file start.txt (compact mmCIF, C-alpha atoms)
# COMPACT_ATOMS: atom_id res chain seq x y z
CA MET D 223 73.56 81.94 105.29
CA ARG D 224 72.11 85.19 104.01
CA GLY D 225 73.88 87.48 101.56
CA PHE D 226 73.40 91.25 101.39
CA ASP D 227 74.66 93.13 98.33
CA CYS D 228 73.66 95.88 95.93
CA ALA D 229 73.75 93.27 93.12
CA ALA D 230 71.93 89.99 92.58
CA ALA D 231 73.55 86.77 93.74
CA ARG D 232 75.64 85.02 91.10
CA ASP D 233 73.85 81.71 91.57
CA ALA D 234 70.19 82.52 92.10
CA ALA D 235 69.38 78.80 91.90
CA ASP D 236 71.36 78.03 95.08
CA SER D 237 68.63 77.13 97.56
CA SER D 238 71.07 76.67 100.48
CA SER D 239 71.12 80.40 101.20
CA ASP D 240 69.06 83.50 100.60
CA HIS D 241 70.23 86.81 99.21
CA VAL D 242 68.97 90.33 99.88
CA ILE D 243 69.60 93.16 97.43
CA GLY D 244 70.27 96.38 99.31
CA ASP D 245 72.69 99.18 100.01
CA LEU D 246 74.87 99.87 103.03
CA GLU D 247 73.48 103.41 103.12
CA ASP D 248 69.94 102.02 103.58
CA VAL D 249 69.53 101.30 107.31
CA ASP D 250 66.02 99.93 106.87
CA ALA D 251 67.21 97.37 104.31
CA LEU D 252 70.10 96.33 106.55
CA TYR D 253 67.80 96.05 109.55
CA ALA D 254 65.33 93.87 107.68
CA ALA D 255 68.08 91.64 106.29
CA ALA D 256 69.59 91.16 109.76
CA GLU D 257 66.49 89.58 111.29
CA GLY D 258 67.38 86.29 112.98
CA VAL D 259 71.11 86.81 112.42
CA GLU D 260 73.78 85.69 114.87
CA VAL D 261 76.98 86.79 113.08
CA ILE D 262 77.67 89.46 110.48
CA VAL D 263 80.70 89.12 108.20
CA HIS D 264 81.14 92.58 106.75
CA PHE D 265 82.95 92.75 103.40
CA GLY D 266 81.00 95.68 101.96
CA ALA D 267 83.15 98.56 100.72
CA VAL D 268 84.39 100.57 97.81
CA PRO D 269 87.45 98.33 97.46
CA ASP D 270 90.23 100.78 96.56
CA ARG D 271 91.12 104.43 96.05
CA ASP D 272 88.14 106.52 94.96
CA ASP D 273 86.44 109.86 95.52
CA PHE D 274 86.74 110.33 99.27
CA VAL D 275 83.68 112.53 99.84
CA ARG D 276 81.26 111.00 97.33
CA ARG D 277 82.25 107.34 97.46
CA LEU D 278 84.59 106.30 100.25
CA VAL D 279 82.94 108.14 103.13
CA PRO D 280 79.30 107.20 102.31
CA VAL D 281 80.07 103.50 101.78
CA ASN D 282 83.16 102.60 103.79
CA ILE D 283 82.59 104.83 106.80
CA VAL D 284 78.87 105.67 106.99
CA GLY D 285 77.92 102.24 105.64
CA THR D 286 80.07 100.53 108.27
CA TYR D 287 78.56 102.74 110.97
CA ASN D 288 75.09 101.73 109.73
CA LEU D 289 76.03 98.07 109.92
CA PHE D 290 77.27 98.34 113.50
CA GLU D 291 74.12 100.25 114.43
CA VAL D 292 72.00 97.44 112.99
CA ALA D 293 74.07 94.90 114.93
CA ARG D 294 73.36 96.91 118.08
CA MET D 295 69.64 97.27 117.38
CA ARG D 296 69.27 93.59 116.50
CA ALA D 297 71.44 92.49 119.48
CA ILE D 298 73.73 90.56 117.12
CA PRO D 299 76.61 89.31 119.27
CA ARG D 300 79.44 89.14 116.70
CA VAL D 301 80.72 91.16 113.75
CA VAL D 302 83.71 90.08 111.66
CA TYR D 303 84.95 93.17 109.84
CA ALA D 304 87.06 92.89 106.67
CA SER D 305 89.69 95.52 107.31
CA SER D 306 92.92 95.75 105.31
CA CYS D 307 96.69 95.63 105.66
CA ARG D 308 96.47 99.11 104.16
CA VAL D 309 95.68 100.56 107.57
CA LEU D 310 99.51 100.49 107.68
CA GLY D 311 100.02 101.55 104.06
CA ALA D 312 102.40 104.41 104.97
CA LEU D 313 105.06 102.00 106.25
CA ASP D 314 107.83 100.54 104.09
CA TRP D 315 106.33 97.31 102.84
CA THR D 316 109.49 96.32 100.96
CA THR D 317 111.36 95.56 104.19
CA GLU D 318 108.93 95.54 107.11
CA THR D 319 106.62 92.92 108.53
CA LEU D 320 103.46 94.67 109.71
CA THR D 321 102.58 94.22 113.37
CA LEU D 322 99.65 95.22 115.56
CA GLU D 323 102.03 97.27 117.69
CA ALA D 324 102.42 99.72 114.78
CA GLY D 325 98.86 100.96 115.36
CA PHE D 326 97.50 102.87 112.36
CA ALA D 327 99.51 104.48 109.56
CA PRO D 328 97.24 104.64 106.50
CA GLY D 329 98.93 105.67 103.28
CA ASP D 330 95.81 106.76 101.39
CA HIS D 331 92.17 107.61 101.95
CA TYR D 332 91.07 104.00 101.42
CA GLY D 333 93.36 102.86 104.24
CA LEU D 334 91.98 105.70 106.36
CA THR D 335 88.43 104.41 105.91
CA LYS D 336 89.46 100.92 106.97
CA ALA D 337 91.20 102.27 110.07
CA THR D 338 88.01 104.20 110.86
CA GLY D 339 86.02 100.98 110.53
CA GLU D 340 88.28 99.32 113.10
CA LEU D 341 87.79 102.23 115.49
CA LEU D 342 84.03 101.96 115.04
CA GLY D 343 84.30 98.26 115.84
CA GLN D 344 86.28 99.01 118.99
CA LEU D 345 83.66 101.54 120.09
CA TYR D 346 80.74 99.18 119.53
CA SER D 347 82.55 96.34 121.25
CA HIS D 348 83.28 98.46 124.31
CA ARG D 349 79.91 100.24 124.61
CA PHE D 350 77.48 97.60 123.38
CA ALA D 351 79.17 94.27 124.17
CA ILE D 352 79.45 93.18 120.52
CA THR D 353 82.34 90.82 119.84
CA VAL D 354 84.30 92.39 116.97
CA LEU D 355 87.12 90.79 114.99
CA CYS D 356 88.96 93.02 112.50
CA ALA D 357 90.59 90.93 109.78
CA ARG D 358 93.38 92.94 108.15
CA ILE D 359 93.30 91.04 104.89
CA GLY D 360 95.95 91.12 102.21
CA TRP D 361 95.50 91.04 98.44
CA PHE D 362 92.58 88.83 97.42
CA VAL D 363 92.95 88.56 93.64
CA ARG D 364 89.58 89.23 92.00
CA ASN D 365 90.21 89.05 88.26
CA GLN D 366 92.78 88.39 85.54
CA ASN D 367 94.01 91.99 85.51
CA GLU D 368 94.89 91.79 89.21
CA ALA D 369 96.49 88.39 88.70
CA ASP D 370 98.75 89.87 86.00
CA LYS D 371 99.83 92.64 88.39
CA MET D 372 100.43 90.19 91.21
CA ALA D 373 102.69 88.07 89.02
CA THR D 374 105.26 90.89 88.77
CA SER D 375 105.00 92.31 92.30
CA GLN D 376 107.21 91.01 95.10
CA VAL D 377 105.34 93.08 97.67
CA GLY D 378 102.04 91.90 96.22
CA GLN D 379 103.07 88.28 96.61
CA ARG D 380 103.82 88.95 100.30
CA MET D 381 100.26 90.34 100.58
CA TYR D 382 98.64 87.46 98.71
CA LEU D 383 95.52 85.93 100.25
CA SER D 384 94.32 82.92 98.30
CA HIS D 385 90.64 82.20 97.90
CA ARG D 386 91.14 78.88 99.70
CA ASP D 387 92.88 80.50 102.68
CA ALA D 388 90.30 83.29 102.86
CA ALA D 389 87.47 80.75 103.00
CA ALA D 390 89.28 78.82 105.73
CA PHE D 391 89.88 81.93 107.81
CA PHE D 392 86.33 83.27 107.71
CA GLU D 393 84.87 79.84 108.45
CA ILE D 394 86.92 79.82 111.65
CA ALA D 395 86.19 83.48 112.44
CA VAL D 396 82.41 83.07 112.71
CA ALA D 397 82.58 80.37 115.38
CA ALA D 398 85.87 80.49 117.31
CA PRO D 399 85.93 81.80 120.90
CA LEU D 400 87.10 85.42 120.78
CA PRO D 401 87.89 88.29 123.15
CA PRO D 402 85.55 91.30 122.99
CA PHE D 403 87.72 93.08 120.42
CA SER D 404 90.66 91.90 118.34
CA ALA D 405 92.54 92.56 115.12
CA VAL D 406 94.66 90.11 113.13
CA PHE D 407 96.54 90.07 109.83
CA VAL D 408 95.15 87.59 107.30
CA THR D 409 97.29 86.49 104.35
CA SER D 410 98.45 83.23 102.87
CA ALA D 411 101.76 81.62 103.90
CA ASN D 412 103.61 83.37 101.06
CA ALA D 413 106.78 81.29 101.20
CA GLY D 414 107.19 82.05 104.90
CA ASN D 415 107.40 85.81 104.34
CA PRO D 416 103.89 87.29 104.67
CA ILE D 417 103.42 91.06 104.83
CA GLY D 418 101.64 90.88 108.20
CA ASP D 419 102.64 89.10 111.38
CA PRO D 420 100.74 85.77 111.30
CA GLY D 421 101.19 85.18 115.03
CA PRO D 422 98.01 86.85 116.36
CA ALA D 423 95.73 84.96 113.94
CA GLU D 424 97.39 81.67 114.81
CA ARG D 425 97.27 82.25 118.57
CA LEU D 426 93.72 83.62 118.63
CA LEU D 427 92.02 81.47 115.98
CA GLY D 428 94.38 78.65 115.12
CA TYR D 429 94.59 80.04 111.58
CA ARG D 430 97.75 79.92 109.51
CA GLY D 431 97.74 80.36 105.74
CA ARG D 432 98.87 77.45 103.62
CA ASP D 433 99.19 78.83 100.09
CA SER D 434 101.79 80.89 98.23
CA TRP D 435 101.23 82.69 94.95
CA PRO D 436 99.50 81.54 92.74
CA ASP D 437 98.16 78.45 94.54
CA GLY D 438 94.66 78.27 95.98
CA SER D 439 92.81 80.78 93.81
CA SER D 440 90.71 81.11 90.69
CA TRP D 441 90.02 84.43 88.98
CA ARG D 442 87.85 83.24 86.11
CA ASP D 443 85.20 85.86 85.39
CA ASP D 444 82.40 83.38 85.95
CA LEU D 445 83.69 82.49 89.42
CA TRP D 446 85.08 85.71 90.90
CA PHE D 447 84.05 89.29 90.40
CA SER D 448 84.26 92.68 92.10
CA SER D 449 80.98 94.17 93.18
CA PRO D 450 81.02 97.98 93.12
CA ARG D 451 80.09 98.12 96.78
CA GLY D 452 81.25 94.76 98.04
CA THR D 453 79.25 92.21 99.98
CA SER D 454 78.17 91.63 103.54
CA SER D 455 77.22 88.14 104.66
CA LEU D 456 74.68 87.77 107.42
CA LEU D 457 74.69 84.38 109.08
CA PRO D 458 71.46 83.08 110.66
CA ASP D 459 71.36 81.24 113.96
CA ARG D 460 73.37 78.04 113.72
CA GLY D 461 70.33 76.00 114.69
CA GLU D 462 68.46 77.08 111.58
CA PRO D 463 68.71 75.22 108.23

call {"tool": "encode", "arguments": {"input": "start.txt", "output": "structure tokens"}}
result
Amino acid sequence: MRGFDCAAARDAADSSSDHVIGDLEDVDALYAAAEGVEVIVHFGAVPDRDDFVRRLVPVNIVGTYNLFEVARMRAIPRVVYASSCRVLGALDWTTETLTLEAGFAPGDHYGLTKATGELLGQLYSHRFAITVLCARIGWFVRNQNEADKMATSQVGQRMYLSHRDAAAFFEIAVAAPLPPFSAVFVTSANAGNPIGDPGPAERLLGYRGRDSWPDGSSWRDDLWFSSPRGTSSLLPDRGEP
């Protein structure tokens, strides 16, 4: 496995994978890092509301376009794109269960960038035969401050995606048979009341979350952190060590 991030890897001594420091706005760096890659798992983004013109567009939209272009140029057959439930952020999350049939209804500029990323994925799947899976993930708690907010939020607990469930989902997503383009909601079980319809992920991938808040996560600072521009993982051919 190869990591690509604008920051150094947390465990530089881990010899089981290599890590490339780069930026989603740097096509040459992305292209070099993608050599020999079979699957890209794209997490890289400004992860919340921010300056639309100076931050969200260059990273979340242009950076995602750059990544799909590199996948096309390198003939990489699969991209798993970390989208967000917030592509439907304008709906009433206190009562509704989000479904794919609702299309897009972003409630802020961050949600708009994630919807744009899905549309880019659909374009590249259709025109360039790249298999694209858009994972509309819920709330992956990254630190103690977010954990404190989650503890008092009923809607947040419906959005909860544990670290254990996230790892299980993305492990399946890189290898499972997939249609050319698909989107699924990815949360934990959340006491049987998740924010997004779990049916598509279960039917398509055999994934169903197991955890409910606060099980299955750790937000110790030495284990989990938020990179300012996120992370993309580039997975080498499965036959390689």

call {"tool": "atom_distance", "arguments": {"input": "start.txt", "atom1": "atom CA of Asp248 of chain D", "atom2": "atom CA of Val309 of chain D"}}
result
26.1 Å

call {"tool": "closest_residue", "arguments": {"input": "start.txt", "among": "D:Gly339, D:Pro416, D:Gly329, D:Pro422", "to": "Arg271 of chain D", "atoms": "all atoms listed in the file"}}
result
D:Gly329

call {"tool": "atom_distance", "arguments": {"input": "start.txt", "atom1": "atom CA of Asn365 of chain D", "atom2": "atom CA of Ala397 of chain D"}}
result
29.5 Å

call {"tool": "atom_distance", "arguments": {"input": "start.txt", "atom1": "atom CA of Leu383 of chain D", "atom2": "atom CA of Gly311 of chain D"}}
result
16.7 Å

call {"tool": "closest_residue", "arguments": {"input": "start.txt", "among": "D:Ala231, D:Val377, D:Val301, D:Val363", "to": "Asp437 of chain D", "atoms": "all atoms listed in the file"}}
result
D:Val363

call {"tool": "closest_residue", "arguments": {"input": "start.txt", "among": "D:Ala229, D:Ile283, D:Arg300, D:Gly258", "to": "Gly244 of chain D", "atoms": "all atoms listed in the file"}}
result
D:Ala229

call {"tool": "residues_near_point", "arguments": {"input": "start.txt", "point": "(75.1, 92.7, 118.3)", "cutoff": "9 Å", "atoms": "all atoms listed in the file", "output": "list in words"}}
result
Glu260, Val261, Ile262, Phe290, Glu291, Val292, Ala293, Arg294, Met295, Arg296, Ala297, Ile298, Pro299, Arg300, Val301, Tyr346, Ser347, Phe350, Ala351, Ile352 and Thr353 of chain D

call {"tool": "write_last_selection", "arguments": {"input": "start.txt", "atoms": "C-alpha atoms", "output": "short mmCIF file (atom, residue, chain, number, x, y, z; two decimals), keeping the file's coordinate frame"}}
result
data_model
loop_
_atom_site.label_atom_id
_atom_site.label_comp_id
_atom_site.auth_asym_id
_atom_site.auth_seq_id
_atom_site.Cartn_x
_atom_site.Cartn_y
_atom_site.Cartn_z
CA GLU D 260 73.78 85.69 114.87
CA VAL D 261 76.98 86.79 113.08
CA ILE D 262 77.67 89.46 110.48
CA PHE D 290 77.27 98.34 113.50
CA GLU D 291 74.12 100.25 114.43
CA VAL D 292 72.00 97.44 112.99
CA ALA D 293 74.07 94.90 114.93
CA ARG D 294 73.36 96.91 118.08
CA MET D 295 69.64 97.27 117.38
CA ARG D 296 69.27 93.59 116.50
CA ALA D 297 71.44 92.49 119.48
CA ILE D 298 73.73 90.56 117.12
CA PRO D 299 76.61 89.31 119.27
CA ARG D 300 79.44 89.14 116.70
CA VAL D 301 80.72 91.16 113.75
CA TYR D 346 80.74 99.18 119.53
CA SER D 347 82.55 96.34 121.25
CA PHE D 350 77.48 97.60 123.38
CA ALA D 351 79.17 94.27 124.17
CA ILE D 352 79.45 93.18 120.52
CA THR D 353 82.34 90.82 119.84
#

call {"tool": "closest_residue", "arguments": {"input": "start.txt", "among": "D:Tyr382, D:Tyr303, D:Phe391, D:Phe362", "to": "Phe403 of chain D", "atoms": "only C-alpha atoms"}}
result
D:Tyr303

call {"tool": "residues_around", "arguments": {"input": "start.txt", "residues": "Thr338 of chain D", "least_positions_apart": "5", "cutoff": "12 Å", "atoms": "only C-alpha atoms", "output": "PyMOL selection string"}}
result
chain D and resi 278-279+282-287+303+305-306+308-309+326-328+331-333+343-345+356

call {"tool": "residues_around", "arguments": {"input": "start.txt", "residues": "Glu318 of chain D", "least_positions_apart": "6", "cutoff": "12 Å", "atoms": "only C-alpha atoms", "output": "number ranges by chain"}}
result
D: 310-312, 324, 377, 380, 415-419

call {"tool": "closest_residue", "arguments": {"input": "start.txt", "among": "D:Gly325, D:Gly225, D:Pro402, D:Glu393", "to": "Arg349 of chain D", "atoms": "all atoms listed in the file"}}
result
D:Pro402

call {"tool": "closest_residue", "arguments": {"input": "start.txt", "among": "D:Val302, D:Met381, D:Leu320, D:Ala230", "to": "Leu355 of chain D", "atoms": "all atoms listed in the file"}}
result
D:Val302

call {"tool": "residues_around", "arguments": {"input": "start.txt", "residues": "Ala251 of chain D", "least_positions_apart": "5", "cutoff": "10 Å", "atoms": "only C-alpha atoms", "output": "PDB file with C-alpha atoms, in the coordinates of the input"}}
result
ATOM      1  CA  PHE D 226      73.400  91.250 101.390  1.00  0.00           C
ATOM      2  CA  VAL D 242      68.970  90.330  99.880  1.00  0.00           C
ATOM      3  CA  ILE D 243      69.600  93.160  97.430  1.00  0.00           C
ATOM      4  CA  GLY D 244      70.270  96.380  99.310  1.00  0.00           C
ATOM      5  CA  ASP D 245      72.690  99.180 100.010  1.00  0.00           C
ATOM      6  CA  LEU D 246      74.870  99.870 103.030  1.00  0.00           C
ATOM      7  CA  ALA D 256      69.590  91.160 109.760  1.00  0.00           C
ATOM      8  CA  VAL D 292      72.000  97.440 112.990  1.00  0.00           C
TER       9      VAL D 292
END

call {"tool": "decode", "arguments": {"input": "start.txt", "residues": "segment 369-404 of chain D", "atoms": "N, CA and C atoms", "output": "JSON list (two decimals), in the first residue's frame"}}
result
[["chain", "number", "residue", "atom", "x", "y", "z"],
["D", 369, "ALA", "N", -15.43, 14.07, 19.48],
["D", 369, "ALA", "CA", -16.09, 13.06, 20.32],
["D", 369, "ALA", "C", -17.02, 13.73, 21.34],
["D", 370, "ASP", "N", -16.59, 14.85, 21.91],
["D", 370, "ASP", "CA", -17.44, 15.58, 22.86],
["D", 370, "ASP", "C", -18.71, 16.08, 22.19],
["D", 371, "LYS", "N", -18.59, 16.56, 20.95],
["D", 371, "LYS", "CA", -19.77, 17.03, 20.22],
["D", 371, "LYS", "C", -20.70, 15.86, 19.88],
["D", 372, "MET", "N", -20.12, 14.76, 19.45],
["D", 372, "MET", "CA", -20.92, 13.59, 19.11],
["D", 372, "MET", "C", -21.74, 13.10, 20.31],
["D", 373, "ALA", "N", -21.17, 13.17, 21.48],
["D", 373, "ALA", "CA", -21.82, 12.64, 22.68],
["D", 373, "ALA", "C", -23.15, 13.33, 22.98],
["D", 374, "THR", "N", -23.35, 14.55, 22.50],
["D", 374, "THR", "CA", -24.57, 15.29, 22.80],
["D", 374, "THR", "C", -25.45, 15.49, 21.57],
["D", 375, "SER", "N", -25.15, 14.81, 20.47],
["D", 375, "SER", "CA", -25.87, 15.03, 19.22],
["D", 375, "SER", "C", -26.59, 13.76, 18.77],
["D", 376, "GLN", "N", -27.93, 13.78, 18.79],
["D", 376, "GLN", "CA", -28.68, 12.63, 18.33],
["D", 376, "GLN", "C", -28.50, 12.41, 16.83],
["D", 377, "VAL", "N", -28.50, 13.50, 16.07],
["D", 377, "VAL", "CA", -28.27, 13.37, 14.63],
["D", 377, "VAL", "C", -26.85, 12.86, 14.37],
["D", 378, "GLY", "N", -25.88, 13.39, 15.12],
["D", 378, "GLY", "CA", -24.51, 12.94, 14.96],
["D", 378, "GLY", "C", -24.36, 11.45, 15.20],
["D", 379, "GLN", "N", -25.06, 10.93, 16.20],
["D", 379, "GLN", "CA", -24.96, 9.51, 16.50],
["D", 379, "GLN", "C", -25.62, 8.65, 15.43],
["D", 380, "ARG", "N", -26.57, 9.22, 14.67],
["D", 380, "ARG", "CA", -27.10, 8.50, 13.50],
["D", 380, "ARG", "C", -26.09, 8.51, 12.35],
["D", 381, "MET", "N", -25.22, 9.51, 12.32],
["D", 381, "MET", "CA", -24.20, 9.63, 11.28],
["D", 381, "MET", "C", -22.94, 8.84, 11.60],
["D", 382, "TYR", "N", -22.79, 8.42, 12.83],
["D", 382, "TYR", "CA", -21.53, 7.86, 13.32],
["D", 382, "TYR", "C", -20.99, 6.75, 12.42],
["D", 383, "LEU", "N", -19.70, 6.85, 12.09],
["D", 383, "LEU", "CA", -18.96, 5.80, 11.40],
["D", 383, "LEU", "C", -17.74, 5.48, 12.24],
["D", 384, "SER", "N", -17.74, 4.32, 12.86],
["D", 384, "SER", "CA", -16.63, 3.95, 13.73],
["D", 384, "SER", "C", -15.38, 3.67, 12.90],
["D", 385, "HIS", "N", -14.24, 3.77, 13.54],
["D", 385, "HIS", "CA", -12.99, 3.47, 12.87],
["D", 385, "HIS", "C", -12.96, 2.00, 12.43],
["D", 386, "ARG", "N", -13.49, 1.12, 13.25],
["D", 386, "ARG", "CA", -13.52, -0.30, 12.91],
["D", 386, "ARG", "C", -14.40, -0.55, 11.69],
["D", 387, "ASP", "N", -15.58, 0.05, 11.66],
["D", 387, "ASP", "CA", -16.47, -0.15, 10.51],
["D", 387, "ASP", "C", -15.90, 0.48, 9.25],
["D", 388, "ALA", "N", -15.27, 1.64, 9.38],
["D", 388, "ALA", "CA", -14.66, 2.29, 8.21],
["D", 388, "ALA", "C", -13.59, 1.39, 7.61],
["D", 389, "ALA", "N", -12.73, 0.83, 8.46],
["D", 389, "ALA", "CA", -11.68, -0.06, 7.97],
["D", 389, "ALA", "C", -12.28, -1.27, 7.27],
["D", 390, "ALA", "N", -13.35, -1.83, 7.83],
["D", 390, "ALA", "CA", -13.99, -3.00, 7.23],
["D", 390, "ALA", "C", -14.58, -2.65, 5.87],
["D", 391, "PHE", "N", -15.23, -1.48, 5.78],
["D", 391, "PHE", "CA", -15.84, -1.10, 4.51],
["D", 391, "PHE", "C", -14.80, -0.93, 3.41],
["D", 392, "PHE", "N", -13.75, -0.15, 3.68],
["D", 392, "PHE", "CA", -12.79, 0.14, 2.63],
["D", 392, "PHE", "C", -11.96, -1.08, 2.25],
["D", 393, "GLU", "N", -11.79, -2.01, 3.16],
["D", 393, "GLU", "CA", -11.12, -3.27, 2.80],
["D", 393, "GLU", "C", -11.96, -4.03, 1.78],
["D", 394, "ILE", "N", -13.28, -4.03, 1.97],
["D", 394, "ILE", "CA", -14.16, -4.68, 1.01],
["D", 394, "ILE", "C", -14.18, -3.91, -0.32],
["D", 395, "ALA", "N", -14.21, -2.58, -0.23],
["D", 395, "ALA", "CA", -14.42, -1.74, -1.40],
["D", 395, "ALA", "C", -13.32, -1.85, -2.44],
["D", 396, "VAL", "N", -12.10, -2.17, -2.02],
["D", 396, "VAL", "CA", -10.99, -2.22, -2.99],
["D", 396, "VAL", "C", -10.98, -3.51, -3.80],
["D", 397, "ALA", "N", -11.74, -4.52, -3.38],
["D", 397, "ALA", "CA", -11.64, -5.82, -4.03],
["D", 397, "ALA", "C", -12.96, -6.40, -4.52],
["D", 398, "ALA", "N", -14.09, -5.95, -4.00],
["D", 398, "ALA", "CA", -15.37, -6.56, -4.34],
["D", 398, "ALA", "C", -15.74, -6.29, -5.79],
["D", 399, "PRO", "N", -16.43, -7.23, -6.46],
["D", 399, "PRO", "CA", -16.96, -6.95, -7.79],
["D", 399, "PRO", "C", -17.93, -5.77, -7.73],
["D", 400, "LEU", "N", -17.81, -4.85, -8.69],
["D", 400, "LEU", "CA", -18.63, -3.64, -8.67],
["D", 400, "LEU", "C", -19.15, -3.33, -10.06],
["D", 401, "PRO", "N", -20.29, -2.64, -10.17],
["D", 401, "PRO", "CA", -20.71, -2.09, -11.45],
["D", 401, "PRO", "C", -19.81, -0.93, -11.84],
["D", 402, "PRO", "N", -19.93, -0.41, -13.06],
["D", 402, "PRO", "CA", -19.05, 0.68, -13.48],
["D", 402, "PRO", "C", -19.10, 1.91, -12.58],
["D", 403, "PHE", "N", -20.29, 2.27, -12.10],
["D", 403, "PHE", "CA", -20.41, 3.41, -11.20],
["D", 403, "PHE", "C", -21.46, 3.10, -10.15],
["D", 404, "SER", "N", -21.16, 3.47, -8.90],
["D", 404, "SER", "CA", -22.13, 3.25, -7.83],
["D", 404, "SER", "C", -21.87, 4.22, -6.70]]
